[in-house]
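Here is the file query33.csv (CSV, C-alpha atoms).
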chain,number,residue,atom,x,y,z
A,1,MET,CA,-3.9,0.0,-33.8
A,2,THR,CA,-1.0,2.2,-32.8
A,3,LEU,CA,1.5,4.4,-34.7
A,4,LEU,CA,3.9,1.6,-34.3
A,5,SER,CA,2.1,-0.6,-36.9
A,6,LEU,CA,1.5,2.1,-39.4
A,7,SER,CA,5.0,1.7,-40.9
A,8,GLY,CA,5.4,-1.0,-43.4
A,9,THR,CA,9.0,-0.5,-44.3
A,10,PHE,CA,12.3,-1.3,-42.7
A,11,GLY,CA,13.2,2.4,-42.3
A,12,PHE,CA,14.0,4.2,-39.0
A,13,PRO,CA,10.4,4.6,-38.1
A,14,SER,CA,10.1,0.8,-38.2
A,15,LEU,CA,13.1,0.4,-36.0
A,16,ALA,CA,11.6,2.9,-33.5
A,17,GLY,CA,8.4,1.0,-33.6
A,18,ALA,CA,10.1,-2.4,-33.0
A,19,VAL,CA,12.0,-1.0,-30.0
A,20,SER,CA,8.9,0.5,-28.6
A,21,ALA,CA,6.8,-2.6,-29.0
A,22,ALA,CA,9.6,-4.8,-27.5
A,23,CYS,CA,10.0,-2.5,-24.5
A,24,GLY,CA,6.2,-2.4,-24.1
A,25,LEU,CA,6.0,-6.2,-24.1
A,26,TYR,CA,8.7,-6.4,-21.4
A,27,ILE,CA,7.0,-3.8,-19.1
A,28,ILE,CA,3.6,-5.5,-19.4
A,29,LEU,CA,5.2,-9.0,-18.9
A,30,MET,CA,6.7,-7.7,-15.6
A,31,MET,CA,3.3,-6.3,-14.6
A,32,ALA,CA,1.7,-9.6,-15.3
A,33,LEU,CA,4.2,-11.5,-13.3
A,34,MET,CA,3.8,-9.1,-10.3
A,35,CYS,CA,0.1,-9.6,-10.4
A,36,VAL,CA,0.2,-13.4,-10.5
A,37,ILE,CA,2.7,-13.5,-7.6
A,38,ILE,CA,0.7,-11.0,-5.5
A,39,TYR,CA,-2.6,-12.6,-6.3
A,40,SER,CA,-1.3,-16.0,-5.0
A,41,ARG,CA,-0.9,-14.3,-1.6
A,42,GLN,CA,-3.6,-11.7,-1.6
A,43,ARG,CA,-6.8,-12.6,-3.4
A,44,LYS,CA,-7.7,-9.2,-4.9
A,45,LYS,CA,-9.8,-8.9,-8.2
A,46,ALA,CA,-7.7,-6.0,-9.4
A,47,TYR,CA,-4.8,-8.4,-10.0
A,48,ILE,CA,-7.0,-10.6,-12.2
A,49,LEU,CA,-8.1,-7.6,-14.3
A,50,PHE,CA,-4.5,-6.4,-14.7
A,51,SER,CA,-3.4,-9.9,-15.8
A,52,VAL,CA,-6.2,-10.2,-18.4
A,53,ALA,CA,-5.4,-6.7,-19.6
A,54,ALA,CA,-1.7,-7.7,-19.8
A,55,ILE,CA,-2.6,-10.6,-22.1
A,56,PHE,CA,-4.5,-8.3,-24.4
A,57,ILE,CA,-1.7,-5.7,-24.4
A,58,MET,CA,1.0,-8.3,-25.1
A,59,THR,CA,-1.1,-9.7,-28.0
A,60,TYR,CA,-1.5,-6.3,-29.8
A,61,GLU,CA,2.1,-5.3,-29.0
A,62,ALA,CA,3.2,-8.5,-30.7
A,63,MET,CA,1.1,-7.4,-33.7
A,64,ASN,CA,2.9,-4.0,-33.6
A,65,LEU,CA,6.2,-5.8,-33.5
A,66,TYR,CA,5.2,-7.9,-36.6
A,67,SER,CA,4.1,-4.7,-38.5
A,68,ALA,CA,7.3,-2.8,-37.5
A,69,GLY,CA,9.4,-5.7,-38.8
A,70,GLY,CA,7.8,-5.2,-42.3
A,71,GLY,CA,4.8,-7.5,-42.0
A,72,LYS,CA,1.6,-6.4,-43.7
A,73,MET,CA,-1.3,-6.3,-41.3
A,74,PRO,CA,-4.7,-7.2,-43.0
A,75,LEU,CA,-7.7,-4.9,-42.3
A,76,GLN,CA,-9.3,-7.6,-40.2
A,77,GLY,CA,-6.2,-7.8,-38.1
A,78,ILE,CA,-6.3,-4.0,-37.6
A,79,VAL,CA,-9.9,-4.2,-36.3
A,80,TRP,CA,-9.0,-7.0,-33.8
A,81,GLN,CA,-5.9,-5.1,-32.7
A,82,ASN,CA,-7.9,-2.0,-32.0
A,83,THR,CA,-10.6,-4.0,-30.2
A,84,LEU,CA,-7.9,-5.6,-28.0
A,85,GLU,CA,-6.5,-2.2,-27.2
A,86,ALA,CA,-9.9,-0.8,-26.3
A,87,ALA,CA,-10.7,-3.8,-24.1
A,88,ALA,CA,-7.3,-3.6,-22.3
A,89,PHE,CA,-7.9,0.1,-21.6
A,90,VAL,CA,-11.2,-0.6,-20.0
A,91,LEU,CA,-9.7,-3.4,-17.9
A,92,THR,CA,-6.7,-1.5,-16.7
A,93,ASN,CA,-8.8,1.4,-15.6
A,94,ALA,CA,-11.1,-0.9,-13.7
A,95,ALA,CA,-8.1,-2.6,-12.2
A,96,VAL,CA,-6.6,0.7,-11.0
A,97,PHE,CA,-10.0,1.6,-9.4
A,98,GLN,CA,-10.1,-1.8,-7.6
A,99,LEU,CA,-6.7,-1.4,-6.2
A,100,TYR,CA,-8.2,1.3,-3.9
A,101,ARG,CA,-12.0,0.7,-3.9
A,102,LYS,CA,-14.3,-2.3,-4.0
A,103,LEU,CA,-16.3,-2.3,-7.2
A,104,LYS,CA,-20.0,-2.1,-6.1
A,105,ARG,CA,-22.9,-3.6,-8.0
A,106,ALA,CA,-23.6,-0.4,-9.9
A,107,GLY,CA,-20.0,-0.2,-10.9
A,108,ALA,CA,-20.0,-3.8,-12.0
A,109,TRP,CA,-23.0,-3.3,-14.2
A,110,SER,CA,-21.5,-0.2,-15.7
A,111,LEU,CA,-18.3,-2.2,-16.6
A,112,LEU,CA,-20.5,-4.9,-18.2
A,113,LEU,CA,-22.3,-2.3,-20.2
A,114,LEU,CA,-19.1,-0.8,-21.4
A,115,GLY,CA,-17.9,-4.2,-22.4
A,116,ALA,CA,-21.1,-4.9,-24.3
A,117,LEU,CA,-20.9,-1.6,-26.1
A,118,LEU,CA,-17.5,-2.7,-27.5
A,119,ILE,CA,-18.2,-6.4,-28.1
A,120,LEU,CA,-21.6,-6.1,-29.9
A,121,PRO,CA,-20.6,-4.1,-33.0
A,122,VAL,CA,-17.3,-6.0,-33.3
A,123,GLY,CA,-19.1,-9.3,-32.9
A,124,ALA,CA,-21.6,-8.3,-35.5
A,125,TRP,CA,-18.8,-7.4,-37.9
A,126,ALA,CA,-17.1,-10.7,-37.2
A,127,ALA,CA,-20.4,-12.6,-37.9
A,128,GLY,CA,-20.9,-10.7,-41.1
A,129,ILE,CA,-24.2,-9.1,-40.0
A,130,LEU,CA,-22.9,-5.6,-39.8
A,131,PRO,CA,-24.7,-3.2,-42.2
A,132,SER,CA,-22.8,-2.8,-45.4
A,133,TRP,CA,-22.6,1.0,-45.1
A,134,ILE,CA,-20.4,0.6,-42.0
A,135,SER,CA,-16.9,0.1,-43.4
A,136,THR,CA,-13.9,-1.3,-41.6
A,137,ALA,CA,-12.5,2.2,-41.3
A,138,ASN,CA,-15.7,3.3,-39.6
A,139,LEU,CA,-15.3,0.4,-37.1
A,140,VAL,CA,-11.7,1.3,-36.3
A,141,GLY,CA,-12.9,4.9,-35.8
A,142,PHE,CA,-15.5,3.6,-33.4
A,143,THR,CA,-12.9,1.9,-31.3
A,144,LEU,CA,-10.9,5.1,-31.1
A,145,LEU,CA,-14.1,7.1,-30.0
A,146,TYR,CA,-14.9,4.3,-27.6
A,147,ARG,CA,-11.5,4.7,-25.9
A,148,LEU,CA,-12.0,8.5,-25.7
A,149,ILE,CA,-15.3,7.9,-23.9
A,150,VAL,CA,-13.7,5.5,-21.4
A,151,LEU,CA,-10.9,8.0,-20.8
A,152,THR,CA,-13.4,10.7,-20.1
A,153,LEU,CA,-15.3,8.5,-17.7
A,154,SER,CA,-12.1,7.6,-15.9
A,155,LEU,CA,-11.2,11.3,-15.5
A,156,VAL,CA,-14.6,11.9,-13.9
A,157,PHE,CA,-15.2,8.8,-11.8
A,158,ILE,CA,-11.9,7.2,-11.0
A,159,ILE,CA,-9.4,10.0,-10.4
A,160,PRO,CA,-11.3,11.4,-7.3
A,161,ARG,CA,-11.5,7.9,-5.7
A,162,ILE,CA,-8.0,6.5,-5.9
A,163,GLY,CA,-4.8,7.1,-4.0
A,164,GLN,CA,-2.5,8.1,-6.9
A,165,PRO,CA,-4.6,10.6,-8.8
A,166,LYS,CA,-1.8,12.7,-10.3
A,167,LYS,CA,0.1,9.7,-11.6
A,168,PHE,CA,-3.1,8.2,-13.0
A,169,ALA,CA,-4.0,11.5,-14.6
A,170,LEU,CA,-0.5,11.7,-16.2
A,171,GLY,CA,-1.0,8.2,-17.7
A,172,LEU,CA,-4.4,9.2,-19.1
A,173,LEU,CA,-2.7,12.3,-20.6
A,174,PHE,CA,-0.2,10.1,-22.4
A,175,TYR,CA,-3.0,7.9,-23.6
A,176,LEU,CA,-5.0,10.9,-24.8
A,177,LEU,CA,-2.0,12.1,-26.8
A,178,TRP,CA,-1.7,8.6,-28.3
A,179,LEU,CA,-5.3,8.6,-29.3
A,180,GLY,CA,-5.0,12.1,-30.8
A,181,CYS,CA,-2.1,11.0,-32.8
A,182,LEU,CA,-3.9,8.0,-34.2
A,183,TRP,CA,-7.0,10.1,-35.0
A,184,LEU,CA,-5.0,12.7,-36.9
A,185,ARG,CA,-2.8,10.4,-38.8
A,186,GLY,CA,-5.4,7.8,-39.6
A,187,ASP,CA,-5.4,4.2,-38.5
A,188,ILE,CA,-5.6,2.4,-41.8
A,189,PRO,CA,-2.2,2.0,-43.5
A,190,ALA,CA,-1.8,3.8,-46.7
A,191,GLU,CA,0.9,4.0,-49.4
A,192,LYS,CA,2.6,7.0,-47.8
A,193,GLY,CA,1.2,6.6,-44.3
A,194,ALA,CA,3.6,6.6,-41.5
A,195,THR,CA,7.0,7.7,-42.8
A,196,SER,CA,6.4,11.3,-41.9
A,197,THR,CA,5.2,10.4,-38.3
A,198,VAL,CA,7.1,12.2,-35.6
A,199,LEU,CA,9.3,9.5,-34.0
A,200,TRP,CA,8.8,10.4,-30.4
A,201,MET,CA,5.0,9.7,-30.8
A,202,SER,CA,5.9,6.1,-31.2
A,203,PHE,CA,6.9,6.0,-27.6
A,204,LEU,CA,3.7,7.4,-26.1
A,205,PRO,CA,2.4,3.9,-25.3
A,206,LEU,CA,5.6,3.2,-23.4
A,207,LEU,CA,5.0,6.3,-21.2
A,208,TYR,CA,1.5,5.1,-20.5
A,209,TYR,CA,2.7,1.6,-19.6
A,210,THR,CA,5.3,3.0,-17.4
A,211,THR,CA,2.8,5.1,-15.4
A,212,LEU,CA,0.6,1.9,-15.0
A,213,PHE,CA,3.6,0.0,-13.8
A,214,LEU,CA,4.5,2.7,-11.2
A,215,ILE,CA,0.9,2.9,-10.0
A,216,LEU,CA,0.7,-0.9,-9.6
A,217,PHE,CA,4.2,-1.2,-8.0
A,218,GLU,CA,3.6,1.7,-5.5
A,219,ARG,CA,0.2,0.2,-4.4
A,220,ILE,CA,1.6,-3.3,-3.9
A,221,VAL,CA,4.5,-1.9,-1.8
A,222,GLU,CA,2.0,0.1,0.2
A,223,LEU,CA,-0.2,-2.9,0.8
A,224,LEU,CA,2.8,-5.1,1.8
A,225,GLN,CA,4.0,-2.4,4.2
A,226,ARG,CA,0.5,-2.3,5.7
A,227,ILE,CA,0.4,-6.0,6.1
A,228,TYR,CA,3.9,-6.1,7.7
A,229,ARG,CA,3.0,-3.1,10.0
A,230,SER,CA,-0.2,-4.9,11.2
A,231,SER,CA,1.8,-8.0,12.0
A,232,ILE,CA,4.2,-6.1,14.4
A,233,THR,CA,1.9,-3.5,15.9
A,234,ASP,CA,-1.1,-3.5,18.2
A,235,GLY,CA,-4.3,-2.8,16.3
A,236,LEU,CA,-5.8,-0.4,18.9
A,237,THR,CA,-2.9,1.8,20.0
A,238,GLY,CA,-0.6,1.5,17.0
A,239,LEU,CA,2.3,0.7,19.3
A,240,TYR,CA,4.6,-2.3,18.7
A,241,ASN,CA,3.2,-5.6,19.9
A,242,ARG,CA,4.8,-7.6,22.7
A,243,LYS,CA,6.5,-10.1,20.4
A,244,TYR,CA,8.1,-7.4,18.2
A,245,PHE,CA,9.1,-5.3,21.2
A,246,SER,CA,10.8,-8.2,22.9
A,247,GLY,CA,12.6,-9.1,19.7
A,248,ARG,CA,14.0,-5.6,19.3
A,249,LEU,CA,15.0,-5.4,22.9
A,250,ARG,CA,16.9,-8.7,22.5
A,251,ARG,CA,18.7,-7.4,19.4
A,252,TYR,CA,19.8,-4.2,21.1
A,253,MET,CA,21.1,-6.1,24.1
A,254,GLU,CA,23.0,-8.5,21.8
A,255,GLN,CA,24.6,-5.5,20.1
A,256,GLY,CA,25.9,-4.3,23.5
A,257,ILE,CA,23.7,-1.2,23.6
A,258,ARG,CA,22.9,0.0,27.1
A,259,VAL,CA,19.1,-0.3,27.2
A,260,SER,CA,16.6,1.0,29.7
A,261,VAL,CA,13.0,-0.3,30.0
A,262,ILE,CA,10.0,1.8,31.2
A,263,PHE,CA,6.9,-0.2,32.4
A,264,CYS,CA,3.6,1.7,32.7
A,265,ASP,CA,0.2,0.6,34.0
A,266,ILE,CA,-2.9,2.8,33.9
A,267,ASP,CA,-4.3,3.3,37.3
A,268,ASN,CA,-7.9,2.2,38.0
A,269,PHE,CA,-8.4,1.2,34.3
A,270,LYS,CA,-10.9,-1.5,35.2
A,271,LYS,CA,-13.1,1.1,37.0
A,272,LEU,CA,-12.9,3.3,34.0
A,273,ASN,CA,-14.0,0.5,31.8
A,274,ASP,CA,-16.9,-0.3,34.1
A,275,THR,CA,-18.1,3.3,34.6
A,276,GLN,CA,-17.5,4.9,31.3
A,277,GLY,CA,-17.5,2.0,28.8
A,278,HIS,CA,-15.0,0.3,26.6
A,279,ALA,CA,-15.1,2.9,23.9
A,280,ARG,CA,-14.0,5.7,26.4
A,281,ALA,CA,-11.4,3.4,28.0
A,282,ASP,CA,-10.0,2.6,24.5
A,283,ASP,CA,-9.7,6.3,23.7
A,284,VAL,CA,-7.8,6.9,27.0
A,285,LEU,CA,-5.5,4.0,26.2
A,286,LYS,CA,-4.8,5.4,22.8
A,287,GLN,CA,-4.1,8.9,24.3
A,288,VAL,CA,-1.6,7.5,26.8
A,289,ALA,CA,0.1,5.5,24.0
A,290,GLN,CA,0.4,8.7,21.9
A,291,ILE,CA,2.0,10.5,24.7
A,292,MET,CA,4.5,7.7,25.1
A,293,GLU,CA,5.3,7.7,21.4
A,294,GLU,CA,5.9,11.4,21.4
A,295,GLU,CA,8.3,11.2,24.4
A,296,LEU,CA,10.2,8.3,23.0
A,297,ASP,CA,10.5,9.7,19.5
A,298,GLU,CA,14.2,9.4,18.4
A,299,ILE,CA,15.4,8.0,21.7
A,300,GLY,CA,13.7,4.6,21.7
A,301,LEU,CA,10.5,2.8,20.9
A,302,THR,CA,7.2,1.9,22.6
A,303,GLY,CA,5.0,-1.2,22.8
A,304,ARG,CA,1.8,-2.6,24.3
A,305,TYR,CA,2.6,-5.4,26.7
A,306,GLY,CA,-0.9,-6.5,27.4
A,307,GLY,CA,-4.2,-4.9,28.6
A,308,GLU,CA,-3.5,-1.5,30.0
A,309,GLU,CA,0.2,-2.2,30.4
A,310,LEU,CA,2.5,-0.2,28.1
A,311,VAL,CA,6.3,-0.4,27.8
A,312,ALA,CA,9.1,1.6,26.3
A,313,MET,CA,12.8,1.1,25.8
A,314,VAL,CA,15.3,4.0,25.8
A,315,VAL,CA,18.4,3.3,23.7
A,316,ASP,CA,19.8,6.9,23.4
A,317,ARG,CA,22.8,7.2,25.8
A,318,ARG,CA,22.2,10.9,26.3
A,319,ALA,CA,18.6,10.4,27.5
A,320,LYS,CA,18.0,9.9,31.3
A,321,VAL,CA,15.5,7.2,31.7
A,322,GLY,CA,14.2,8.6,35.0
A,323,GLN,CA,13.5,12.0,33.4
A,324,VAL,CA,11.8,10.4,30.4
A,325,ALA,CA,9.5,8.3,32.7
A,326,GLU,CA,8.7,11.3,34.8
A,327,ARG,CA,7.7,13.4,31.7
A,328,ILE,CA,5.4,10.6,30.6
A,329,ARG,CA,3.8,10.4,34.0
A,330,GLU,CA,3.3,14.2,34.2
A,331,ARG,CA,1.8,14.5,30.7
A,332,VAL,CA,-0.6,11.7,31.3
A,333,ALA,CA,-1.8,13.3,34.5
A,334,ASP,CA,-2.1,16.7,33.0
A,335,GLU,CA,-3.5,15.8,29.6
A,336,SER,CA,-5.8,12.9,30.3
A,337,ILE,CA,-8.4,11.8,32.8
A,338,VAL,CA,-6.2,9.0,34.2
A,339,THR,CA,-2.9,8.6,35.9
A,340,ILE,CA,-0.2,5.9,35.5
A,341,SER,CA,2.1,4.0,37.7
A,342,VAL,CA,5.6,3.8,36.3
A,343,GLY,CA,8.7,1.7,36.9
A,344,HIS,CA,12.0,1.6,35.1
A,345,SER,CA,15.2,-0.4,35.0
A,346,THR,CA,18.5,-0.2,33.2
A,347,LEU,CA,20.5,-3.1,31.7
A,348,LYS,CA,23.3,-4.5,33.8
A,349,LYS,CA,25.9,-7.2,32.9
A,350,GLU,CA,24.7,-10.8,32.4
A,351,MET,CA,21.0,-9.9,32.2
A,352,ASN,CA,18.6,-11.2,29.6
A,353,PRO,CA,15.7,-9.3,28.1
A,354,ASP,CA,13.1,-11.0,30.3
A,355,GLU,CA,14.9,-10.1,33.5
A,356,LEU,CA,15.2,-6.5,32.4
A,357,VAL,CA,11.4,-6.2,31.7
A,358,LYS,CA,10.7,-8.1,35.0
A,359,GLN,CA,12.7,-5.5,37.0
A,360,ALA,CA,10.9,-2.6,35.3
A,361,ASP,CA,7.6,-4.4,36.1
A,362,GLN,CA,8.5,-4.9,39.7
A,363,ALA,CA,9.4,-1.2,40.0
A,364,MET,CA,6.0,-0.3,38.5
A,365,TYR,CA,4.3,-2.6,41.0
A,366,ILE,CA,6.0,-0.7,43.8
A,367,SER,CA,4.6,2.6,42.4
A,368,LYS,CA,1.1,0.9,42.1
A,369,THR,CA,1.1,-0.2,45.8
A,370,THR,CA,2.6,2.9,47.3
A,371,GLY,CA,0.1,5.5,46.1
A,372,LYS,CA,0.0,5.3,42.3
A,373,ASN,CA,0.7,8.1,39.9
A,374,LYS,CA,4.4,7.9,40.6
A,375,VAL,CA,7.7,6.7,39.1
A,376,THR,CA,9.9,4.2,40.8
A,377,ALA,CA,13.4,3.1,39.7
A,378,TYR,CA,14.3,-0.6,40.2
A,379,THR,CA,16.6,-1.4,43.2
A,380,ALA,CA,16.9,-4.9,44.5
A,381,ALA,CA,16.8,-3.7,48.1
A,382,GLU,CA,13.5,-1.9,47.6
A,383,VAL,CA,11.9,-4.9,45.8
A,384,LYS,CA,12.8,-7.2,48.7
A,385,LYS,CA,10.7,-5.1,51.1
A,386,LYS,CA,7.6,-5.6,49.0
A,387,PRO,CA,5.6,-8.8,48.8
A,388,CYS,CA,4.9,-10.4,45.4
A,389,SER,CA,1.4,-9.8,44.0
A,390,THR,CA,-0.8,-12.4,42.5
A,391,ARG,CA,-0.8,-10.4,39.2
A,392,THR,CA,3.0,-10.3,39.2
A,393,ILE,CA,3.4,-14.0,39.9
A,394,ASN,CA,0.9,-14.9,37.2
A,395,MET,CA,2.9,-12.9,34.6
A,396,GLN,CA,6.2,-14.4,36.0
A,397,SER,CA,7.5,-10.9,36.4
A,398,ALA,CA,8.6,-10.9,40.0
A,399,ILE,CA,11.6,-12.4,41.7
A,400,CYS,CA,10.7,-13.5,45.3

Would you write the structure of this file as structure tokens?
Amino acid sequence: MTLLSLSGTFGFPSLAGAVSAACGLYIILMMALMCVIIYSRQRKKAYILFSVAAIFIMTYEAMNLYSAGGGKMPLQGIVWQNTLEAAAFVLTNAAVFQLYRKLKRAGAWSLLLLGALLILPVGAWAAGILPSWISTANLVGFTLLYRLIVLTLSLVFIIPRIGQPKKFALGLLFYLLWLGCLWLRGDIPAEKGATSTVLWMSFLPLLYYTTLFLILFERIVELLQRIYRSSITDGLTGLYNRKYFSGRLRRYMEQGIRVSVIFCDIDNFKKLNDTQGHARADDVLKQVAQIMEEELDEIGLTGRYGGEELVAMVVDRRAKVGQVAERIRERVADESIVTISVGHSTLKKEMNPDELVKQADQAMYISKTTGKNKVTAYTAAEVKKKPCSTRTINMQSAIC
């Protein structure tokens, strides 16, 4: 039971209660729709818990709307309303936790125990087997105390384990103020009950729902961004994958931007794999990728073309591609245990993206076959002097 349902007249407090209940219904409905849509694409239990909690919340907010409109809520309705509120609070807290962490067996049993602690006394009351000395008011008071216990447990166990602790703590603060208001004012309607209630207290539930909505929305955006990022990047190095890199290169060329491509190949990478293991080789590959990202920051972007081959495109007109390539080569030689062979080429008229990358690859192959650990700029005359390699032919990256 909330303050919204304490008022039984059509005065201003009832209008405030009706507005608050209607807004609460709308916010929760939006949350439920978001959860259903996201769950259809990403099967996560948190969205199920949020959806069930939303059904409970919309039910008791509909009761609030009925009371705020002048309807008289029977005592049995007040008990069920408080029970729904308590159950929804447990489910929303569990859902927030599962947005960030998987609920382990101990956590699942704890959640079931909390549910039983609420259901058993209310079920006994509904079945008429509750001791006579426990009044309806006592039962309503129990649901308030129950929510306070759940709130305390959430502060201790959930906040340290989720990604938005401040926002969640703020929501719990609004909920605590809401409980405190209910506790002080009393939850059973009386003749003179709610008319003296401070109006802004009626909107505490709205503040709580708003923080829940923001937590859910921010987490969904974060997960969608992560999914999108993983679809366009290489899982090991974090650089853009070949498909995305090629697509961006094509778009820049279509826009008439003068693009240069740098093609890098780590020297003796297979030997490194064989002698020091794949884990060490992966660390070296990530280190080289990080150096390239730092050097291309704000002037272009980088990608993994395949294996130990890394590529970059320079789109800033002020940057000189030869100097950028040489800085990358120097840093790799100074800061890592490997060297790289580098080639680069700049866009000319009537070229397509594949041809531009092929030219940079050809220039890299010249570096590889003339001593390694060097940078070569593409020139057609220089390429004609060198025979095509089996590797280059297989990748269709040489013009013989």

> Mind pulling up the distance from CA of Tyr378 (chain A) to CA of Glu355 (chain A)?
Replying inline: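 Atom-to-atom, CA of Glu355 (chain A) to CA of Tyr378 (chain A), that is 11.6 Å.
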
>> I'd like the neighbourhood of Leu29 (chain A) as JSON, numbers by chain, where a residue qualifies if any of its atoms comes within 10 Å (using only C-alpha atoms), though same-chain residues fewer than 2 positions away should be ignored.
In response: {"A": [23, 24, 25, 26, 27, 31, 32, 33, 34, 35, 51, 54, 55, 57, 58]}

Include C-alpha atoms and write out the residues we just selected as a compact mmCIF listing (two decimals), in the coordinates of the input.
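What ended up in again.txt:
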# COMPACT_ATOMS: atom_id res chain seq x y z
CA CYS A 23 10.00 -2.50 -24.50
CA GLY A 24 6.20 -2.40 -24.10
CA LEU A 25 6.00 -6.20 -24.10
CA TYR A 26 8.70 -6.40 -21.40
CA ILE A 27 7.00 -3.80 -19.10
CA MET A 31 3.30 -6.30 -14.60
CA ALA A 32 1.70 -9.60 -15.30
CA LEU A 33 4.20 -11.50 -13.30
CA MET A 34 3.80 -9.10 -10.30
CA CYS A 35 0.10 -9.60 -10.40
CA SER A 51 -3.40 -9.90 -15.80
CA ALA A 54 -1.70 -7.70 -19.80
CA ILE A 55 -2.60 -10.60 -22.10
CA ILE A 57 -1.70 -5.70 -24.40
CA MET A 58 1.00 -8.30 -25.10

>> Rounded to one decimal, what separation in Å do you get between CA of Leu103 (chain A) and CA of Gly238 (chain A)?
In response: 29.1 Å

>> Please report the interatomic distance between CA of Gly123 (chain A) and CA of Ala94 (chain A) in Å with one decimal.
In response: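 That distance, rounded to one decimal, is 22.4 Å.
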
>> Neighbouring residues of Ile220 (chain A) were defined as those with any atom within 8 Å, considering only C-alpha atoms; residues of the same chain fewer than 4 positions away were excluded. Please report them as a ChimeraX atom specification.
In response: /A:38,216,224

Residue selection dump (C-alpha atoms) as a PDB file, in the coordinates of the input:
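Contents of the output file out_21.pdb:
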ATOM      1  CA  ILE A  38       0.700 -11.000  -5.500  1.00  0.00           C
ATOM      2  CA  LEU A 216       0.700  -0.900  -9.600  1.00  0.00           C
ATOM      3  CA  LEU A 224       2.800  -5.100   1.800  1.00  0.00           C
TER       4      LEU A 224
END

> If you count all atoms listed in the file, which residues fall within 8 Å of Met313 (chain A), apart from same-chain ones fewer than 5 positions away, as JSON, numbers by chain?
Replying inline: {"A": [249, 259, 260, 261, 262, 300, 301, 302]}

Output as AutoDock Vina command-line options the centre and edge lengths (Å, one decimal) of the box along x, y and z of the file that holds every listed atom of region 150-164 of chain A after adding 4 Å on each side.
--center_x -8.9 --center_y 8.7 --center_z -12.7 --size_x 20.8 --size_y 14.4 --size_z 25.4

>> When you count all atoms listed in the file, which of these residues is closest to Ala289 (chain A): A:Val332, A:Ala137, A:Ile149, A:Val342?
In response: A:Val332

> With all atoms listed in the file as the basis for distance, which of A:Ala333, A:Leu204, A:Ala46, A:Ala126 is at the shortest distance from Gly77 (chain A)?
Replying inline: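 Of all the options, A:Ala126 lies closest to Gly77 (chain A).
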
>> Between A:Leu151, A:Leu139, A:Leu145, A:Val79, which residue has the minimum interatomic distance to Leu91 (chain A), considering only C-alpha atoms?
In response: A:Leu151

> Can you list, as a list in words, every protein, DNA or RNA residue that comes within 10 Å of Tyr60 (chain A) when you count only C-alpha atoms, leaving out same-chain residues fewer than 5 positions away?
Replying inline: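 The residues satisfying every condition are Met1, Thr2, Ser5, Ala21, Leu25, Ile55, Leu65, Tyr66, Gly77, Ile78, Trp80, Gln81, Asn82, Thr83, Leu84, Glu85 and Ala88 of chain A.
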